[in-house]
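One file, entry.pdb, carrying PDB, C-alpha atoms, pLDDT in the B column:
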ATOM      1  CA  MET A   1     -12.853  -9.898   7.315  1.00 45.00           C
ATOM      2  CA  PRO A   2     -16.256  -8.345   8.061  1.00 51.00           C
ATOM      3  CA  PRO A   3     -17.995  -7.472   4.798  1.00 52.00           C
ATOM      4  CA  ASP A   4     -19.283  -4.131   6.065  1.00 74.00           C
ATOM      5  CA  ILE A   5     -15.729  -2.774   6.360  1.00 75.00           C
ATOM      6  CA  GLU A   6     -15.068  -3.813   2.791  1.00 79.00           C
ATOM      7  CA  ALA A   7     -18.326  -2.177   1.716  1.00 84.00           C
ATOM      8  CA  ILE A   8     -17.514   1.067   3.521  1.00 84.00           C
ATOM      9  CA  ALA A   9     -14.066   1.279   1.929  1.00 86.00           C
ATOM     10  CA  GLU A  10     -15.529   0.647  -1.510  1.00 89.00           C
ATOM     11  CA  GLN A  11     -18.166   3.350  -1.067  1.00 92.00           C
ATOM     12  CA  VAL A  12     -15.586   5.845   0.146  1.00 93.00           C
ATOM     13  CA  PHE A  13     -13.301   5.214  -2.816  1.00 94.00           C
ATOM     14  CA  ALA A  14     -16.245   5.472  -5.226  1.00 94.00           C
ATOM     15  CA  ALA A  15     -17.314   8.747  -3.619  1.00 95.00           C
ATOM     16  CA  LEU A  16     -13.787  10.140  -3.836  1.00 94.00           C
ATOM     17  CA  ALA A  17     -13.411   9.143  -7.495  1.00 95.00           C
ATOM     18  CA  ASP A  18     -15.466  12.187  -8.523  1.00 95.00           C
ATOM     19  CA  PRO A  19     -13.600  15.535  -8.631  1.00 94.00           C
ATOM     20  CA  THR A  20     -16.707  17.569  -7.694  1.00 94.00           C
ATOM     21  CA  ARG A  21     -17.325  15.446  -4.620  1.00 95.00           C
ATOM     22  CA  ARG A  22     -13.659  15.795  -3.659  1.00 95.00           C
ATOM     23  CA  ALA A  23     -14.014  19.567  -3.998  1.00 94.00           C
ATOM     24  CA  ILE A  24     -17.147  19.549  -1.808  1.00 95.00           C
ATOM     25  CA  LEU A  25     -15.403  17.472   0.873  1.00 94.00           C
ATOM     26  CA  ALA A  26     -12.334  19.715   0.687  1.00 92.00           C
ATOM     27  CA  ALA A  27     -14.542  22.796   1.130  1.00 92.00           C
ATOM     28  CA  LEU A  28     -16.253  21.245   4.174  1.00 93.00           C
ATOM     29  CA  ALA A  29     -12.892  20.178   5.624  1.00 89.00           C
ATOM     30  CA  SER A  30     -11.340  23.615   5.325  1.00 88.00           C
ATOM     31  CA  GLY A  31     -14.373  25.845   5.871  1.00 89.00           C
ATOM     32  CA  GLY A  32     -16.469  23.810   8.291  1.00 90.00           C
ATOM     33  CA  PRO A  33     -20.181  22.931   7.986  1.00 92.00           C
ATOM     34  CA  ALA A  34     -21.978  24.595   5.071  1.00 93.00           C
ATOM     35  CA  THR A  35     -25.293  24.553   3.192  1.00 93.00           C
ATOM     36  CA  ALA A  36     -25.640  23.622  -0.487  1.00 93.00           C
ATOM     37  CA  THR A  37     -26.141  27.341  -1.158  1.00 92.00           C
ATOM     38  CA  ASP A  38     -22.922  28.261   0.670  1.00 92.00           C
ATOM     39  CA  LEU A  39     -21.004  25.669  -1.329  1.00 94.00           C
ATOM     40  CA  ALA A  40     -22.476  26.884  -4.636  1.00 93.00           C
ATOM     41  CA  VAL A  41     -20.890  30.306  -4.013  1.00 92.00           C
ATOM     42  CA  ASP A  42     -17.399  28.813  -3.890  1.00 86.00           C
ATOM     43  CA  LEU A  43     -17.673  25.965  -6.386  1.00 91.00           C
ATOM     44  CA  PRO A  44     -18.184  26.306 -10.151  1.00 91.00           C
ATOM     45  CA  ILE A  45     -21.358  24.193 -10.283  1.00 91.00           C
ATOM     46  CA  THR A  46     -25.049  24.756  -9.572  1.00 92.00           C
ATOM     47  CA  ARG A  47     -26.659  24.343  -6.178  1.00 91.00           C
ATOM     48  CA  GLN A  48     -28.821  21.567  -7.615  1.00 92.00           C
ATOM     49  CA  ALA A  49     -25.772  19.578  -8.688  1.00 94.00           C
ATOM     50  CA  ILE A  50     -24.155  20.167  -5.300  1.00 95.00           C
ATOM     51  CA  ALA A  51     -27.335  18.970  -3.543  1.00 93.00           C
ATOM     52  CA  LYS A  52     -27.196  15.780  -5.601  1.00 94.00           C
ATOM     53  CA  HIS A  53     -23.569  15.129  -4.678  1.00 96.00           C
ATOM     54  CA  LEU A  54     -24.275  15.938  -1.015  1.00 96.00           C
ATOM     55  CA  ALA A  55     -27.096  13.395  -1.037  1.00 94.00           C
ATOM     56  CA  LEU A  56     -24.690  10.719  -2.253  1.00 94.00           C
ATOM     57  CA  LEU A  57     -22.042  11.738   0.282  1.00 96.00           C
ATOM     58  CA  ALA A  58     -24.645  11.554   3.059  1.00 94.00           C
ATOM     59  CA  GLU A  59     -25.659   8.086   1.920  1.00 92.00           C
ATOM     60  CA  VAL A  60     -22.060   6.929   2.188  1.00 91.00           C
ATOM     61  CA  GLY A  61     -21.796   8.593   5.601  1.00 91.00           C
ATOM     62  CA  LEU A  62     -19.056  11.051   4.628  1.00 94.00           C
ATOM     63  CA  VAL A  63     -21.261  14.012   5.546  1.00 95.00           C
ATOM     64  CA  THR A  64     -24.172  14.378   7.942  1.00 93.00           C
ATOM     65  CA  ALA A  65     -27.027  16.843   7.548  1.00 92.00           C
ATOM     66  CA  GLU A  66     -28.068  19.062  10.425  1.00 88.00           C
ATOM     67  CA  PRO A  67     -30.447  22.000  10.811  1.00 84.00           C
ATOM     68  CA  GLY A  68     -28.854  25.308   9.787  1.00 76.00           C
ATOM     69  CA  GLU A  69     -30.022  28.902   9.792  1.00 77.00           C
ATOM     70  CA  ARG A  70     -33.259  29.959   8.060  1.00 77.00           C
ATOM     71  CA  ARG A  71     -34.506  26.381   7.854  1.00 78.00           C
ATOM     72  CA  ARG A  72     -31.691  25.398   5.543  1.00 83.00           C
ATOM     73  CA  VAL A  73     -29.894  22.089   5.876  1.00 90.00           C
ATOM     74  CA  ARG A  74     -26.250  22.341   6.722  1.00 93.00           C
ATOM     75  CA  TYR A  75     -23.721  19.604   5.975  1.00 94.00           C
ATOM     76  CA  ARG A  76     -20.888  18.544   8.224  1.00 93.00           C
ATOM     77  CA  LEU A  77     -17.915  16.395   7.277  1.00 92.00           C
ATOM     78  CA  ARG A  78     -17.872  12.986   8.950  1.00 90.00           C
ATOM     79  CA  SER A  79     -14.534  11.215   9.085  1.00 83.00           C
ATOM     80  CA  ALA A  80     -15.435   7.715  10.355  1.00 83.00           C
ATOM     81  CA  PRO A  81     -15.856   6.042   6.927  1.00 86.00           C
ATOM     82  CA  MET A  82     -12.717   7.861   5.725  1.00 86.00           C
ATOM     83  CA  GLN A  83     -10.734   6.304   8.565  1.00 80.00           C
ATOM     84  CA  VAL A  84     -11.863   2.840   7.483  1.00 80.00           C
ATOM     85  CA  ALA A  85     -10.615   3.550   3.960  1.00 85.00           C
ATOM     86  CA  GLN A  86      -7.397   4.976   5.399  1.00 83.00           C
ATOM     87  CA  GLN A  87      -6.663   1.662   7.075  1.00 79.00           C
ATOM     88  CA  PHE A  88      -6.825   0.012   3.678  1.00 81.00           C
ATOM     89  CA  LEU A  89      -4.444   2.620   2.268  1.00 84.00           C
ATOM     90  CA  ALA A  90      -2.135   2.213   5.276  1.00 83.00           C
ATOM     91  CA  ALA A  91      -1.732  -1.491   4.533  1.00 82.00           C
ATOM     92  CA  LEU A  92      -0.774  -0.653   0.957  1.00 82.00           C
ATOM     93  CA  ALA A  93       1.593   2.121   2.050  1.00 81.00           C
ATOM     94  CA  ARG A  94       3.457   0.026   4.614  1.00 85.00           C
ATOM     95  CA  ASP A  95       6.500  -0.783   2.572  1.00 86.00           C
ATOM     96  CA  TRP A  96       8.245  -3.764   4.121  1.00 91.00           C
ATOM     97  CA  ASP A  97       9.978  -4.696   0.862  1.00 91.00           C
ATOM     98  CA  SER A  98      12.155  -1.606   0.826  1.00 90.00           C
ATOM     99  CA  ALA A  99      12.670  -1.732   4.607  1.00 92.00           C
ATOM    100  CA  LEU A 100      13.949  -5.313   4.385  1.00 94.00           C
ATOM    101  CA  GLY A 101      16.082  -4.353   1.397  1.00 93.00           C
ATOM    102  CA  ALA A 102      17.635  -1.600   3.516  1.00 94.00           C
ATOM    103  CA  LEU A 103      18.234  -4.084   6.355  1.00 95.00           C
ATOM    104  CA  THR A 104      19.985  -6.464   3.948  1.00 95.00           C
ATOM    105  CA  ASN A 105      22.237  -3.667   2.685  1.00 95.00           C
ATOM    106  CA  HIS A 106      22.962  -2.522   6.226  1.00 94.00           C
ATOM    107  CA  LEU A 107      24.045  -6.009   7.302  1.00 94.00           C
ATOM    108  CA  ASP A 108      26.094  -6.584   4.156  1.00 93.00           C
ATOM    109  CA  ARG A 109      27.904  -3.278   4.574  1.00 90.00           C
ATOM    110  CA  GLY A 110      28.833  -4.128   8.142  1.00 77.00           C
ATOM    111  CA  ALA A 111      30.104  -7.581   7.212  1.00 57.00           C
TER     112      ALA A 111
ATOM    113  CA  MET B   1     -10.617  -5.762  -3.729  1.00 41.00           C
ATOM    114  CA  ALA B   2      -9.477  -7.688  -0.658  1.00 56.00           C
ATOM    115  CA  PHE B   3      -8.998  -5.808   2.584  1.00 64.00           C
ATOM    116  CA  PRO B   4      -5.663  -7.000   4.012  1.00 71.00           C
ATOM    117  CA  ASP B   5      -5.355  -7.454   7.775  1.00 79.00           C
ATOM    118  CA  ARG B   6      -1.727  -8.562   7.684  1.00 84.00           C
ATOM    119  CA  ILE B   7       1.422  -8.151   5.682  1.00 87.00           C
ATOM    120  CA  GLU B   8       3.962 -10.957   5.794  1.00 88.00           C
ATOM    121  CA  ARG B   9       7.461 -11.026   4.309  1.00 90.00           C
ATOM    122  CA  THR B  10      10.359 -13.424   4.659  1.00 90.00           C
ATOM    123  CA  VAL B  11      13.921 -12.674   3.711  1.00 90.00           C
ATOM    124  CA  GLU B  12      17.070 -14.824   3.852  1.00 91.00           C
ATOM    125  CA  LEU B  13      20.014 -12.951   5.331  1.00 92.00           C
ATOM    126  CA  ALA B  14      23.646 -14.073   5.073  1.00 92.00           C
ATOM    127  CA  HIS B  15      24.327 -13.107   8.679  1.00 92.00           C
ATOM    128  CA  PRO B  16      23.873 -14.976  11.966  1.00 94.00           C
ATOM    129  CA  PRO B  17      20.769 -14.311  14.114  1.00 95.00           C
ATOM    130  CA  ALA B  18      22.803 -12.447  16.782  1.00 95.00           C
ATOM    131  CA  LYS B  19      23.844  -9.851  14.233  1.00 93.00           C
ATOM    132  CA  VAL B  20      20.360  -9.494  12.771  1.00 94.00           C
ATOM    133  CA  TRP B  21      18.948  -9.219  16.297  1.00 95.00           C
ATOM    134  CA  ALA B  22      21.263  -6.265  16.996  1.00 94.00           C
ATOM    135  CA  ALA B  23      20.148  -4.536  13.804  1.00 93.00           C
ATOM    136  CA  LEU B  24      16.488  -4.935  14.826  1.00 94.00           C
ATOM    137  CA  THR B  25      16.643  -4.100  18.515  1.00 96.00           C
ATOM    138  CA  THR B  26      19.307  -1.427  19.089  1.00 95.00           C
ATOM    139  CA  ALA B  27      19.049   2.305  18.502  1.00 96.00           C
ATOM    140  CA  GLU B  28      22.207   2.142  16.353  1.00 93.00           C
ATOM    141  CA  GLY B  29      20.777  -0.646  14.182  1.00 92.00           C
ATOM    142  CA  LEU B  30      17.261   0.775  13.783  1.00 93.00           C
ATOM    143  CA  GLY B  31      18.633   4.259  13.078  1.00 91.00           C
ATOM    144  CA  ALA B  32      20.894   2.883  10.362  1.00 90.00           C
ATOM    145  CA  TRP B  33      18.513   0.865   8.183  1.00 91.00           C
ATOM    146  CA  PHE B  34      14.941   1.601   9.276  1.00 90.00           C
ATOM    147  CA  GLY B  35      14.686   5.240  10.271  1.00 89.00           C
ATOM    148  CA  ASN B  36      17.272   8.019  10.500  1.00 91.00           C
ATOM    149  CA  GLU B  37      17.288   8.230  14.287  1.00 94.00           C
ATOM    150  CA  ALA B  38      16.017   5.815  16.885  1.00 95.00           C
ATOM    151  CA  THR B  39      15.740   5.313  20.608  1.00 97.00           C
ATOM    152  CA  ILE B  40      14.625   2.080  22.241  1.00 97.00           C
ATOM    153  CA  ASP B  41      14.010   0.756  25.735  1.00 98.00           C
ATOM    154  CA  LEU B  42      14.287  -2.936  24.944  1.00 98.00           C
ATOM    155  CA  ARG B  43      11.831  -4.624  27.310  1.00 97.00           C
ATOM    156  CA  PRO B  44       8.134  -5.492  27.045  1.00 97.00           C
ATOM    157  CA  GLY B  45       6.213  -2.264  27.618  1.00 97.00           C
ATOM    158  CA  GLY B  46       9.302  -0.180  26.861  1.00 97.00           C
ATOM    159  CA  ALA B  47       9.077   2.845  24.591  1.00 97.00           C
ATOM    160  CA  ALA B  48      10.836   3.202  21.271  1.00 97.00           C
ATOM    161  CA  ARG B  49      10.828   6.077  18.850  1.00 96.00           C
ATOM    162  CA  MET B  50      11.904   6.278  15.259  1.00 93.00           C
ATOM    163  CA  ARG B  51      12.403   9.392  13.216  1.00 93.00           C
ATOM    164  CA  TRP B  52      12.469   9.713   9.432  1.00 88.00           C
ATOM    165  CA  ASN B  53      14.101  13.066   8.655  1.00 88.00           C
ATOM    166  CA  GLU B  54      13.205  13.316   4.994  1.00 82.00           C
ATOM    167  CA  GLU B  55       9.520  12.665   5.609  1.00 79.00           C
ATOM    168  CA  GLY B  56       9.561  14.678   8.854  1.00 84.00           C
ATOM    169  CA  PHE B  57       7.812  11.758  10.463  1.00 84.00           C
ATOM    170  CA  THR B  58       8.185  10.239  13.930  1.00 90.00           C
ATOM    171  CA  ALA B  59       6.722   6.914  15.043  1.00 90.00           C
ATOM    172  CA  GLU B  60       6.131   6.198  18.715  1.00 93.00           C
ATOM    173  CA  MET B  61       6.442   2.468  19.229  1.00 95.00           C
ATOM    174  CA  ARG B  62       5.815   0.252  22.228  1.00 96.00           C
ATOM    175  CA  VAL B  63       7.956  -2.847  22.641  1.00 97.00           C
ATOM    176  CA  GLU B  64       5.766  -5.921  23.213  1.00 97.00           C
ATOM    177  CA  ARG B  65       7.898  -9.071  22.881  1.00 97.00           C
ATOM    178  CA  VAL B  66      11.605  -9.521  23.506  1.00 98.00           C
ATOM    179  CA  GLU B  67      12.864 -13.088  23.215  1.00 98.00           C
ATOM    180  CA  GLU B  68      16.497 -12.795  22.234  1.00 97.00           C
ATOM    181  CA  PRO B  69      17.489 -13.802  19.620  1.00 96.00           C
ATOM    182  CA  THR B  70      14.300 -15.182  18.058  1.00 97.00           C
ATOM    183  CA  VAL B  71      11.265 -12.882  18.517  1.00 98.00           C
ATOM    184  CA  PHE B  72      10.984  -9.105  18.654  1.00 97.00           C
ATOM    185  CA  GLY B  73       7.538  -7.469  18.566  1.00 97.00           C
ATOM    186  CA  PHE B  74       6.233  -3.923  18.866  1.00 96.00           C
ATOM    187  CA  THR B  75       3.090  -1.932  18.152  1.00 95.00           C
ATOM    188  CA  TRP B  76       2.964   1.388  16.358  1.00 92.00           C
ATOM    189  CA  PRO B  77       0.317   3.782  14.985  1.00 87.00           C
ATOM    190  CA  ILE B  78      -1.467   3.213  11.696  1.00 81.00           C
ATOM    191  CA  SER B  79      -0.126   5.728   9.195  1.00 73.00           C
ATOM    192  CA  GLY B  80      -2.760   8.021   7.787  1.00 70.00           C
ATOM    193  CA  LEU B  81      -4.990   8.021  10.857  1.00 72.00           C
ATOM    194  CA  PRO B  82      -5.182  11.112  13.081  1.00 72.00           C
ATOM    195  CA  GLU B  83      -2.414  11.339  15.693  1.00 74.00           C
ATOM    196  CA  ASP B  84      -4.737  10.716  18.644  1.00 79.00           C
ATOM    197  CA  ASP B  85      -6.335   7.624  17.082  1.00 79.00           C
ATOM    198  CA  PRO B  86      -5.752   4.748  19.514  1.00 82.00           C
ATOM    199  CA  ARG B  87      -5.629   1.997  16.874  1.00 82.00           C
ATOM    200  CA  ARG B  88      -2.229   0.433  16.236  1.00 88.00           C
ATOM    201  CA  THR B  89      -0.784  -2.419  14.240  1.00 89.00           C
ATOM    202  CA  TYR B  90       1.443  -5.136  15.710  1.00 93.00           C
ATOM    203  CA  VAL B  91       4.783  -5.891  14.078  1.00 94.00           C
ATOM    204  CA  GLU B  92       6.608  -9.113  14.896  1.00 95.00           C
ATOM    205  CA  PHE B  93      10.035 -10.165  13.667  1.00 95.00           C
ATOM    206  CA  THR B  94      10.928 -13.855  13.904  1.00 96.00           C
ATOM    207  CA  LEU B  95      14.528 -14.973  13.418  1.00 96.00           C
ATOM    208  CA  GLU B  96      15.421 -18.570  12.531  1.00 97.00           C
ATOM    209  CA  PRO B  97      18.938 -19.874  11.899  1.00 97.00           C
ATOM    210  CA  ALA B  98      19.289 -20.911   8.232  1.00 95.00           C
ATOM    211  CA  GLY B  99      22.696 -22.428   7.549  1.00 94.00           C
ATOM    212  CA  ALA B 100      25.236 -19.750   8.466  1.00 93.00           C
ATOM    213  CA  GLY B 101      22.616 -17.072   8.064  1.00 93.00           C
ATOM    214  CA  THR B 102      19.136 -16.127   9.236  1.00 94.00           C
ATOM    215  CA  ARG B 103      15.643 -16.502   7.879  1.00 94.00           C
ATOM    216  CA  LEU B 104      13.841 -13.341   8.988  1.00 93.00           C
ATOM    217  CA  THR B 105      10.052 -13.115   8.874  1.00 93.00           C
ATOM    218  CA  VAL B 106       8.155  -9.910   9.535  1.00 92.00           C
ATOM    219  CA  VAL B 107       4.400  -9.922  10.105  1.00 92.00           C
ATOM    220  CA  GLU B 108       2.455  -6.704  10.570  1.00 91.00           C
ATOM    221  CA  SER B 109      -1.162  -7.312  11.562  1.00 89.00           C
ATOM    222  CA  GLY B 110      -4.217  -5.334  12.608  1.00 85.00           C
ATOM    223  CA  PHE B 111      -4.997  -3.316   9.480  1.00 80.00           C
ATOM    224  CA  ALA B 112      -8.598  -4.530   9.398  1.00 74.00           C
ATOM    225  CA  GLN B 113      -9.414  -3.436  12.932  1.00 72.00           C
ATOM    226  CA  LEU B 114     -13.023  -2.578  13.304  1.00 55.00           C
ATOM    227  CA  PRO B 115     -14.004   0.928  14.134  1.00 56.00           C
ATOM    228  CA  GLU B 116     -15.624   1.113  17.558  1.00 52.00           C
ATOM    229  CA  ASP B 117     -19.065  -0.481  17.755  1.00 50.00           C
ATOM    230  CA  ALA B 118     -20.523   2.907  18.465  1.00 44.00           C
ATOM    231  CA  HIS B 119     -19.054   4.161  15.195  1.00 48.00           C
ATOM    232  CA  ARG B 120     -20.571   1.328  13.252  1.00 51.00           C
ATOM    233  CA  LYS B 121     -23.970   1.697  14.831  1.00 53.00           C
ATOM    234  CA  ALA B 122     -23.927   5.404  14.162  1.00 48.00           C
ATOM    235  CA  TYR B 123     -22.832   4.723  10.614  1.00 49.00           C
ATOM    236  CA  ASP B 124     -25.559   2.171   9.898  1.00 53.00           C
ATOM    237  CA  GLY B 125     -28.231   4.257  11.596  1.00 52.00           C
ATOM    238  CA  ASN B 126     -27.115   7.290   9.702  1.00 49.00           C
ATOM    239  CA  THR B 127     -27.071   5.513   6.357  1.00 49.00           C
ATOM    240  CA  GLU B 128     -30.561   4.115   6.855  1.00 52.00           C
ATOM    241  CA  GLY B 129     -32.069   7.274   8.265  1.00 49.00           C
ATOM    242  CA  TRP B 130     -30.771   9.513   5.552  1.00 45.00           C
ATOM    243  CA  ALA B 131     -31.689   7.172   2.737  1.00 47.00           C
ATOM    244  CA  LYS B 132     -35.287   7.667   3.834  1.00 47.00           C
ATOM    245  CA  GLU B 133     -35.146  11.393   4.321  1.00 49.00           C
ATOM    246  CA  LEU B 134     -33.092  12.331   1.300  1.00 46.00           C
ATOM    247  CA  GLY B 135     -36.001  12.526  -1.097  1.00 46.00           C
ATOM    248  CA  GLU B 136     -37.690  14.993   1.157  1.00 48.00           C
ATOM    249  CA  LEU B 137     -34.499  16.905   1.680  1.00 47.00           C
ATOM    250  CA  ALA B 138     -33.768  17.217  -2.042  1.00 48.00           C
ATOM    251  CA  ALA B 139     -37.318  18.435  -2.680  1.00 49.00           C
ATOM    252  CA  TYR B 140     -36.954  21.027   0.052  1.00 49.00           C
ATOM    253  CA  LEU B 141     -33.627  22.263  -1.308  1.00 50.00           C
ATOM    254  CA  ASP B 142     -34.969  22.515  -4.833  1.00 52.00           C
ATOM    255  CA  ALA B 143     -37.899  24.579  -3.593  1.00 53.00           C
ATOM    256  CA  ALA B 144     -35.749  26.900  -1.484  1.00 49.00           C
TER     257      ALA B 144
END
Encoded form using C-alpha cells:
Amino acid sequence: MPPDIEAIAEQVFAALADPTRRAILAALASGGPATATDLAVDLPITRQAIAKHLALLAEVGLVTAEPGERRRVRYRLRSAPMQVAQQFLAALARDWDSALGALTNHLDRGA
Amino acid sequence: MAFPDRIERTVELAHPPAKVWAALTTAEGLGAWFGNEATIDLRPGGAARMRWNEEGFTAEMRVERVEEPTVFGFTWPISGLPEDDPRRTYVEFTLEPAGAGTRLTVVESGFAQLPEDAHRKAYDGNTEGWAKELGELAAYLDAA
C-alpha cells in the first residue's frame, strides 16, 4: 500500500472531523466557489476563522484557491482527496458477512 | 489505520458446488439472496445488473471469469464514488467441494487503487504550492 494514499485519507478524515470545516465544504458543494467573505455571510463564524479553516482545507487539497472578483481569493471544492477517502469507506461498507449469511439462508431454504 | 485493498471471506455451505454455483451465477439465484432483482449474461465480458429495491440502488457488473463450477468473477463499481468514475473492484468466488458440501471463498480486491498519476501530481503540487503561499494569502485576507 502506497503511504501517500494512507496519508491523504488520514488528512481528509481529520479535516472532516471539524463541524465548521464540514459546513464550509457543504457550502462550497451546494453553492459553488466562494470567497471567505461570502462564506462568512452564511456561516455563524467570523471571516478570520473561516480563512483559517480554508487554509487548512487548501493544505489538505480539499479546496483550491483561485482569483475572484475585486482581487479577492475564491475557493473551489476539490474532490480528488475525498475520492481516496471514499475508497477506504467503500471497503468498510462492503458487507460480505451479511451477503454470505443471506446466501446460506437461501440455500438452506431451498434444500 | 490500515488501508485495505482486499476483503476475503470463506464460508462452509452444506450444499454441493453445483447448487451453490446456480445461486451465484443465475438471475434467479442472485435476485433471491444478493439483490432483489438480477439479470446476467453468463460469459466473460457479459453484462450483469443487480437491483436493491430498498436502497434504490443498481449495480452494473461485468462478468470476467466463468469456470463452472469452481470460479466465478466479476467487476463492479466502487460504492461511494461518482457514477462516471471508471474505477472498479474485482469480486471472485471460488467453490471447493468439502465433504457433501462446498467451501466458498469470496475475495473482493482493488479498494486501494491509486488515483490517476495526474491526480497525484496535481495533489502534491497543489499541497506544496499552497503551503508556501498561504501565509501571504492569510495576510491579504486579514487586511481586506
Point to revise | Best match for closeness to Ile8 of chain A among A:Gly61, A:Arg76, A:Ile45, A:Ser30, counting only C-alpha atoms | key: A:Gly61
**Study point:** Distance filter 6 Å, only C-alpha atoms, chain A against chain B, as a PyMOL selection string
**Key:** chain A and resi 59+87+90+102-103+106
Exercise for review: Check which residues satisfy the PyMOL selection byres ((chain A and resi 36-41) around 10) in the file shown, then give them as a PyMOL selection string.
Suggested key: (chain A and resi 23-24+27-28+31+33-35+42-54+72-75) or (chain B and resi 141+144)
Check your understanding: Once the PyMOL selection byres ((chain B and resi 65) around 9) has been applied to the shown file, what residues remain in the selection, as number ranges by chain?
Key -> B: 43-45, 63-64, 66-67, 71-74, 92
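Atom to atom, atom CA of Ala47 of chain B and atom CA of Met61 of chain B stand 6.0 Å apart.
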Exercise for review: For Gly56 of chain B, work out the shell of residues within 12 Å, counting all atoms listed in the file and skipping chain neighbours fewer than 6 positions away, then give it as a ChimeraX atom specification.
Suggested key: /B:35-37,50
